[in-house]
Amino acid sequence: MKSRDVTTLAVVSRRALLTMAAGFGGAAAMGLRPDVARARTSPYPIEAFFTTARTRAATLSPGGTLIAVLDQLGTEDEPHGVIDVLDASDPEGARKRIDLGPTKVESLDWANDERLLVRLAVTTRIAPQSISGSNRRTAAREITSKRLMSVSAVTGEMAVMFQDDRQRLRASRDLGSVVDLLRSDDDHVLMAAWERDGVLGLHKVNVATGSAERIERGSSGTIGWETQQGVPVIRYDINPRGTVLTISGRATSSGAWRPIRRNRIGDLPEFSWVGETETPGTILVTARAEGEDTMVVREMNLETFGMGAALSHRAGRDVMHGVVDAAGRYVGAAFYGERLEYEFADAALGAHHRALNAFLDNDCDVYLNDLSRDHNRMVVGVTGPREPGAWYFYDREARAIVNLGAVRLLDFDRLGLTDTLSVTTRDGASIEAYLTAPPGGQPGPLVVLPHGGPEVRDLRSWDRQVQVLAAQGWWVLRPNFRGSGGYGMAFAREGWTRWGDRMQEDVEDAIDQAIALKGLDASRVAIMGTSYGGYAALMGAVRRPDLYKAAIAICGVADLPEMLAWERREDDTPDRQVYNFWVKRIGDPETMGPQLVAASPSRRATEITCPVLLVHGVDDPIVPVIESRRMNEALRQAGKAVELIEVEDAGHADWPAEKEQELLERYIVLLKQAFA
C-alpha cells in the first residue's frame, strides 16, 4: 500500500499496483517468462491507443453520500452501458449495477441526491428504401440521436426526458443537453431542445416523469443559455457560418438581451461562465477586462455589465476555469503552471489537492469535478502524459483515495515520459515546450508538433497522437511559441503579424534545445501539425530545408493573402469581426502585401526539399480545402514529392477515431521512410 503526506490510502491504486510489482522483483517475482516481461515493457502497437473507452464518467451526489460510475461495455458494434452505484462511506464495498442495455453512453450527472441523468447516443439503422416513381433505391444509412435518461440510483427506475412528446422524439436528433441542474429544485432540470421551426427552446423538465414545459425561446442563432435561480441571464448565439460566438446578457426574464462579448470559435474564450452568486443580477465569470493582460475570475453586474475586482489572479497565466461546489458556491480558480493548479477560496482545500498530486507522483493533472456541499468528499478527474483518463474518490475525513475507473488501461512503463522545457529564444525571450521521450528514452529522431489556433496552447496532459509517435521510438516536441494562448494577451500579441518568422523561430529554438539536452539525432527531424500547426509545418519546410526531413500538414493554411481574401468574402459578422480578427494576427493585405506573400508556403514551394503529406477535410469550414489543393498544385508544379489526402464528409480535422487511426498509420509510414 502507498501513502503520501496527509493521506493514508484505503485501496491500492492502479499506479500503486505497478509500483508494487516492481518492488517485489518485477517480472521474475510475478512468475513471468522473459518474453512476456519484454512484452510488458515494449511500446504499444497503434491499435492499443484506439480501444473502446471503458469508463465514461464518475460523479458524486450533491450530499456526498453516493458515487456513480458510468461504463461502456461490449464492443463498438455491440455496445452495452452500465451504471455502478457505490456507497461513499464504503467505496470499496459492493457495487450496485444498473443495466442500461445495448446502448452507447456518453455522460453522467446527478439531478438530485437520488436520481441520475445519463446521456445516451442512440443509433438507428435505416434500410434501403424504394424511391416513389423510380427504379432507384436509397442507400442504407445510420442516424445517431442524443437522448437524456433519468435513472433512480435506489430503484433503477428509468424515464426518458421528453418521453411524452413523441413527435419531438421522432424529429429531434439532440435531446440530451442540460442547461441547469436547478440545485434548489430537486424535481426539475432545465434542458435545451430544438423546436419544430429549427429554433432552440429552453425547457423545464421533470426528472421523474420526463414531461417538459418550454420557458424560453431563442433566436435563429441561439445554441444555449446560462441561468440564475432558473432564469436565463446569459445567452449564446452563433453566426450562420459557425465561426463567431456572441454572448449576450440580461438581468431579468423580461429584460432585453444585450451583447457582452464576441469570441471566435476555436480560440481560448475571452469570457466564460463560472456560476451564480447569492446576489440577484450578479454572476461569476472569467473575463479579460479592458487593458488587462490575463483572464481572471470576477463578479459581473447583469444590469451594467460592470466587472468587480479579481477573485483569482496570476501574472502571465490565464484562468482556465472557475470551480463551484455542489451548492453552487465559488470554490476557486484553475491555472496551468507545472501542471493543473488551483487557487482555492478555502486554503485547506489546497493541501488536499496537493496530496492527490503527490499520490499520482506529481505527473498528472487533477481536475476537481465534484465537491460535496460540506467539502469533505470529492471526485476528481485525472489525466497526464501517461494517463489517458481516470477518476478517483477522495474522502478528507477518512483520509482515503479510491480509484473508480479508467478510460483505458495502459501500463505507464510502456508509454513515453514527458519533460517541461524552459526554452530561451534567440532574442532572449522565454517559452515553454513539452518533450516526450519514447519508452526507454533512447536518443533518436524527433517529431515536432506545433499546435493549432494559434491562440490556444498545449498542456502537459494526455495526447494520443504524441504517444503513438513516441511508441515508434521517436521523441515528440510540443512548443508553446509566442502567439499561443493561456499566457496572457501580451504573450499572444508577440505572435501577431509574425507568422512567417518569430513564431517559426521559437519552434526552431525549442528544437535546438531539445536536441542539445537529450543528445538527439539532428539529421532526423520532422514537423507535423493541424490548422495553424499545419501552416507551421509547411512554413518550416520552406525556411529550414536543412532541418526537416518530412512535413505533414493537416487542414493547414498555405497562402496567407488568399486565406484572408476568403475570410473577407465569407465573413457574415457585424463590421467584419472575423476578418478584422485575422488581419490583426496575420497582417493587413493593404499594408503588408509583400510580407504576406513571403510568409505563404504555396508561393515558395520551390524551396521545399522534403516530402510533404497534406490532409484535409473536404467540408472544412475553418480552413477551406482549397488551401491544401493550392499547396499540392504548387508542389507538383515544382516537381516536389507530395501527396494530398482529402477526407470526405469531414470538416476541420473532426473525423472519427477509425479514420484518425488510418491516417496516423499513413503518417508513420512517411516518417519511417524519412528517418531511414
# chains A, B, ... in the order shown; residues from 1 in each chain; ligands from 1

$ residues_around --residues "segment 319-333 of chain A" --least-positions-apart "5" --cutoff "6 Å" --atoms "only C-alpha atoms" --output "ChimeraX atom specification"
/A:62,274,295-296,342-345,371-373

$ residues_around --residues "Ile98 of chain A" --least-positions-apart "4" --cutoff "7 Å" --atoms "only C-alpha atoms" --output "list of chain:residue names"
A:Val82, A:Ile83, A:Asp84, A:Gly156

$ atom_distance --atom1 "atom CA of Phe581 of chain A" --atom2 "atom CA of Glu562 of chain A"
15.7 Å

$ atom_distance --atom1 "atom CA of Ile552 of chain A" --atom2 "atom CA of Pro589 of chain A"
27.2 Å

$ residues_around --residues "segment 63-74 of chain A" --least-positions-apart "5" --cutoff "10 Å" --atoms "only C-alpha atoms" --output "PyMOL selection string"
chain A and resi 52-58+79-91+95-98+100-110+112-114+116+118+153+326-327+370-379+391+393+395+404-407

$ select_by_dssp --residues "segment 539-574 of chain A" --states "strand (DSSP E or B)" --output "list in words"
Tyr548, Lys549, Ala550, Ala551, Ile552, Ala553 and Ile554 of chain A

$ write_last_selection --atoms "C-alpha atoms" --output "mmCIF file, in the first residue's frame"
data_model
loop_
_atom_site.group_PDB
_atom_site.id
_atom_site.type_symbol
_atom_site.label_atom_id
_atom_site.label_comp_id
_atom_site.auth_asym_id
_atom_site.auth_seq_id
_atom_site.Cartn_x
_atom_site.Cartn_y
_atom_site.Cartn_z
ATOM 1 C CA TYR A 548 13.196 18.927 -41.678
ATOM 2 C CA LYS A 549 13.172 15.537 -43.393
ATOM 3 C CA ALA A 550 9.359 15.421 -43.751
ATOM 4 C CA ALA A 551 6.385 17.751 -43.271
ATOM 5 C CA ILE A 552 2.794 16.726 -42.576
ATOM 6 C CA ALA A 553 0.150 19.461 -42.754
ATOM 7 C CA ILE A 554 -3.393 18.642 -41.584
#

$ closest_residue --among "A:Ser461, A:Phe50, A:Glu607, A:Asp512" --to "Pro656 of chain A" --atoms "only C-alpha atoms"
A:Phe50
